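Undergrad: If you scroll down you'll find the structure; I have some questions about it.
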Amino acid sequence: MKDTIAPLDMVFVRVDGTVSTIAANVPATKRNARDADIARRNGIGRYVIELAAGRARTAGLRAGSRLTIPAIDAR
């Protein structure tokens, strides 16, 4: 991802909350990196959760995991 300052885990999540794919340890990019030099990852999902590299593993996430995010009241 462009202008990312730290390596990330990208967790791709389907609309039903199921993790479809995890792209682990996606490298950071240098400022003003050329598009051709930017790390790219593909995944199928409605949402992508970005975590610090290695956190998906330590949280026990894997393809098929089911996430539940409680509703938040708007204020």
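We name chains A, B, ... following the order of the structure tokens; residues begin at 1 in each chain, and ligands are numbered from 1 as shown.
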Which residues are near Leu61 of chain A? Cut-off 10 Å, only C-alpha atoms, ignore same chain within fewer than 5 positions. Put them as a ChimeraX atom specification.

TA: /A:11,19,21-22,55-56,66-67

Undergrad: Emit the selected residues as a compact mmCIF listing (two decimals), in the first residue's frame, including all heavy atoms.

TA:
# COMPACT_ATOMS: atom_id res chain seq x y z
N VAL A 11 -6.24 -8.18 6.74
CA VAL A 11 -7.23 -9.22 6.97
C VAL A 11 -8.46 -8.91 6.12
O VAL A 11 -9.14 -7.91 6.35
CB VAL A 11 -7.62 -9.30 8.47
CG1 VAL A 11 -8.62 -10.41 8.71
CG2 VAL A 11 -6.38 -9.47 9.34
N VAL A 19 -13.35 -14.37 7.79
CA VAL A 19 -12.06 -14.00 7.21
C VAL A 19 -11.83 -14.87 5.98
O VAL A 19 -11.85 -16.10 6.08
CB VAL A 19 -10.92 -14.19 8.23
CG1 VAL A 19 -9.57 -13.95 7.59
CG2 VAL A 19 -11.12 -13.29 9.44
N THR A 21 -9.11 -14.21 3.63
CA THR A 21 -7.68 -14.25 3.35
C THR A 21 -6.94 -13.34 4.31
O THR A 21 -7.48 -12.31 4.72
CB THR A 21 -7.40 -13.74 1.92
OG1 THR A 21 -8.22 -14.44 1.00
CG2 THR A 21 -5.95 -13.90 1.52
N ILE A 22 -5.72 -13.71 4.64
CA ILE A 22 -4.85 -12.81 5.40
C ILE A 22 -3.55 -12.65 4.62
O ILE A 22 -2.89 -13.64 4.29
CB ILE A 22 -4.55 -13.36 6.80
CG1 ILE A 22 -5.85 -13.47 7.60
CG2 ILE A 22 -3.53 -12.46 7.52
CD1 ILE A 22 -5.70 -14.12 8.95
N ARG A 55 0.37 -9.36 14.00
CA ARG A 55 -0.75 -9.33 14.97
C ARG A 55 -1.88 -10.27 14.60
O ARG A 55 -2.56 -10.79 15.49
CB ARG A 55 -1.29 -7.91 15.12
CG ARG A 55 -0.31 -6.92 15.74
CD ARG A 55 0.07 -7.33 17.12
NE ARG A 55 -1.10 -7.43 17.95
CZ ARG A 55 -1.18 -7.08 19.20
NH1 ARG A 55 -0.14 -6.59 19.81
NH2 ARG A 55 -2.29 -7.21 19.88
N ALA A 56 -2.11 -10.53 13.33
CA ALA A 56 -3.16 -11.47 12.95
C ALA A 56 -2.84 -12.86 13.51
O ALA A 56 -3.71 -13.53 14.05
CB ALA A 56 -3.32 -11.52 11.43
N ARG A 66 -14.33 -16.31 12.24
CA ARG A 66 -15.54 -15.50 12.17
C ARG A 66 -15.39 -14.34 13.14
O ARG A 66 -15.12 -14.54 14.33
CB ARG A 66 -16.75 -16.35 12.54
CG ARG A 66 -18.07 -15.66 12.44
CD ARG A 66 -18.44 -15.49 10.95
NE ARG A 66 -19.68 -14.78 10.82
CZ ARG A 66 -20.84 -15.36 10.56
NH1 ARG A 66 -20.91 -16.65 10.40
NH2 ARG A 66 -21.91 -14.63 10.45
N LEU A 67 -15.54 -13.11 12.63
CA LEU A 67 -15.43 -11.91 13.46
C LEU A 67 -16.82 -11.38 13.76
O LEU A 67 -17.69 -11.38 12.91
CB LEU A 67 -14.63 -10.83 12.72
CG LEU A 67 -13.25 -11.23 12.24
CD1 LEU A 67 -12.58 -10.06 11.53
CD2 LEU A 67 -12.38 -11.70 13.39

Undergrad: Could you pull the residues within 12 Å of Val26 of chain A, counting only C-alpha atoms, minus those fewer than 4 positions along the same chain, as a PyMOL selection string?

TA: chain A and resi 1-2+4-11+22+38-42+50-54

Undergrad: Mind writing the picked residues with all heavy atoms as a compact mmCIF listing (two decimals), in the first residue's frame?

TA:
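See part-v9.txt below for the written result:
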# COMPACT_ATOMS: atom_id res chain seq x y z
N MET A 1 0.84 -1.17 0.00
CA MET A 1 0.00 0.00 0.00
C MET A 1 0.89 1.23 0.00
O MET A 1 1.91 1.27 0.67
CB MET A 1 -0.91 -0.02 1.21
CG MET A 1 -1.93 -1.12 1.12
SD MET A 1 -3.14 -1.24 2.44
CE MET A 1 -2.96 0.22 3.36
N LYS A 2 0.49 2.21 -0.74
CA LYS A 2 1.29 3.42 -0.91
C LYS A 2 1.40 4.21 0.39
O LYS A 2 0.43 4.37 1.12
CB LYS A 2 0.68 4.28 -2.01
CG LYS A 2 1.57 5.40 -2.44
CD LYS A 2 1.04 6.04 -3.70
CE LYS A 2 1.97 7.14 -4.10
NZ LYS A 2 2.64 6.89 -5.34
N THR A 4 2.64 3.57 3.22
CA THR A 4 2.47 2.86 4.48
C THR A 4 3.81 2.88 5.20
O THR A 4 4.82 2.49 4.64
CB THR A 4 2.02 1.41 4.23
OG1 THR A 4 0.79 1.44 3.51
CG2 THR A 4 1.83 0.66 5.53
N ILE A 5 3.81 3.35 6.45
CA ILE A 5 5.09 3.56 7.15
C ILE A 5 5.54 2.36 7.97
O ILE A 5 6.64 2.35 8.49
CB ILE A 5 5.02 4.81 8.04
CG1 ILE A 5 3.94 4.65 9.10
CG2 ILE A 5 4.78 6.05 7.20
CD1 ILE A 5 3.91 5.75 10.14
N ALA A 6 4.70 1.34 8.07
CA ALA A 6 5.06 0.15 8.86
C ALA A 6 4.50 -1.09 8.17
O ALA A 6 3.47 -1.01 7.50
CB ALA A 6 4.48 0.26 10.26
N PRO A 7 5.17 -2.23 8.29
CA PRO A 7 4.63 -3.47 7.73
C PRO A 7 3.28 -3.82 8.36
O PRO A 7 3.05 -3.56 9.54
CB PRO A 7 5.68 -4.52 8.09
CG PRO A 7 6.91 -3.76 8.40
CD PRO A 7 6.47 -2.43 8.93
N LEU A 8 2.40 -4.38 7.55
CA LEU A 8 1.03 -4.66 8.00
C LEU A 8 0.62 -6.10 7.72
O LEU A 8 1.14 -6.74 6.82
CB LEU A 8 0.03 -3.79 7.22
CG LEU A 8 0.12 -2.29 7.35
CD1 LEU A 8 -0.83 -1.64 6.37
CD2 LEU A 8 -0.19 -1.87 8.77
N ASP A 9 -0.37 -6.56 8.48
CA ASP A 9 -1.17 -7.72 8.13
C ASP A 9 -2.49 -7.17 7.61
O ASP A 9 -3.09 -6.29 8.23
CB ASP A 9 -1.46 -8.61 9.35
CG ASP A 9 -0.26 -9.38 9.83
OD1 ASP A 9 0.76 -9.45 9.12
OD2 ASP A 9 -0.34 -9.92 10.96
N MET A 10 -2.92 -7.65 6.46
CA MET A 10 -4.20 -7.21 5.89
C MET A 10 -5.18 -8.38 5.98
O MET A 10 -4.94 -9.44 5.40
CB MET A 10 -4.00 -6.78 4.44
CG MET A 10 -3.06 -5.61 4.30
SD MET A 10 -2.64 -5.23 2.59
CE MET A 10 -4.23 -4.73 1.96
N VAL A 11 -6.24 -8.18 6.74
CA VAL A 11 -7.23 -9.22 6.97
C VAL A 11 -8.46 -8.91 6.12
O VAL A 11 -9.14 -7.91 6.35
CB VAL A 11 -7.62 -9.30 8.47
CG1 VAL A 11 -8.62 -10.41 8.71
CG2 VAL A 11 -6.38 -9.47 9.34
N ILE A 22 -5.72 -13.71 4.64
CA ILE A 22 -4.85 -12.81 5.40
C ILE A 22 -3.55 -12.65 4.62
O ILE A 22 -2.89 -13.64 4.29
CB ILE A 22 -4.55 -13.36 6.80
CG1 ILE A 22 -5.85 -13.47 7.60
CG2 ILE A 22 -3.53 -12.46 7.52
CD1 ILE A 22 -5.70 -14.12 8.95
N ILE A 38 5.37 -0.66 -5.30
CA ILE A 38 4.48 -0.79 -4.14
C ILE A 38 3.99 -2.22 -4.02
O ILE A 38 3.54 -2.82 -5.01
CB ILE A 38 3.29 0.18 -4.26
CG1 ILE A 38 3.80 1.62 -4.24
CG2 ILE A 38 2.28 -0.06 -3.15
CD1 ILE A 38 2.75 2.63 -4.57
N ALA A 39 4.09 -2.78 -2.81
CA ALA A 39 3.60 -4.15 -2.57
C ALA A 39 2.09 -4.18 -2.76
O ALA A 39 1.38 -3.31 -2.29
CB ALA A 39 3.96 -4.58 -1.16
N ARG A 40 1.62 -5.20 -3.44
CA ARG A 40 0.18 -5.36 -3.68
C ARG A 40 -0.25 -6.74 -3.22
O ARG A 40 0.48 -7.71 -3.36
CB ARG A 40 -0.14 -5.18 -5.15
CG ARG A 40 0.29 -3.82 -5.66
CD ARG A 40 -0.18 -3.57 -7.06
NE ARG A 40 0.41 -2.38 -7.61
CZ ARG A 40 0.05 -1.13 -7.33
NH1 ARG A 40 -0.93 -0.93 -6.48
NH2 ARG A 40 0.64 -0.10 -7.88
N ARG A 41 -1.42 -6.79 -2.65
CA ARG A 41 -2.00 -8.06 -2.21
C ARG A 41 -3.44 -8.09 -2.66
O ARG A 41 -4.14 -7.07 -2.65
CB ARG A 41 -1.95 -8.21 -0.69
CG ARG A 41 -0.55 -8.16 -0.11
CD ARG A 41 0.28 -9.35 -0.60
NE ARG A 41 1.59 -9.39 -0.01
CZ ARG A 41 2.68 -8.81 -0.51
NH1 ARG A 41 2.60 -8.11 -1.61
NH2 ARG A 41 3.83 -8.92 0.09
N ASN A 42 -3.91 -9.24 -3.05
CA ASN A 42 -5.30 -9.42 -3.48
C ASN A 42 -6.04 -10.26 -2.46
O ASN A 42 -5.47 -11.19 -1.90
CB ASN A 42 -5.36 -10.10 -4.84
CG ASN A 42 -4.81 -9.23 -5.95
OD1 ASN A 42 -5.02 -8.03 -5.95
ND2 ASN A 42 -4.10 -9.84 -6.87
N GLU A 50 -6.56 -3.63 8.83
CA GLU A 50 -5.11 -3.53 8.81
C GLU A 50 -4.58 -3.60 10.24
O GLU A 50 -5.02 -2.85 11.11
CB GLU A 50 -4.67 -2.22 8.17
CG GLU A 50 -5.11 -2.09 6.73
CD GLU A 50 -4.80 -0.74 6.14
OE1 GLU A 50 -4.30 0.15 6.86
OE2 GLU A 50 -5.06 -0.56 4.94
N LEU A 51 -3.65 -4.51 10.46
CA LEU A 51 -3.04 -4.70 11.77
C LEU A 51 -1.53 -4.59 11.62
O LEU A 51 -0.99 -4.81 10.53
CB LEU A 51 -3.37 -6.08 12.32
CG LEU A 51 -4.85 -6.43 12.47
CD1 LEU A 51 -4.99 -7.90 12.82
CD2 LEU A 51 -5.49 -5.56 13.54
N ALA A 52 -0.85 -4.29 12.70
CA ALA A 52 0.61 -4.33 12.66
C ALA A 52 1.05 -5.73 12.25
O ALA A 52 0.41 -6.72 12.61
CB ALA A 52 1.18 -3.97 14.03
N ALA A 53 2.13 -5.82 11.49
CA ALA A 53 2.61 -7.11 11.00
C ALA A 53 2.79 -8.09 12.16
O ALA A 53 3.35 -7.76 13.19
CB ALA A 53 3.93 -6.94 10.26
N GLY A 54 2.26 -9.30 11.98
CA GLY A 54 2.35 -10.35 12.99
C GLY A 54 1.18 -10.41 13.95
O GLY A 54 0.98 -11.42 14.64

Undergrad: From chain A, collect each residue whose DSSP state is helix (DSSP H, G or I) and return the set as JSON, numbers by chain.

TA: {"A": [35, 36, 37, 55, 56, 57, 58]}
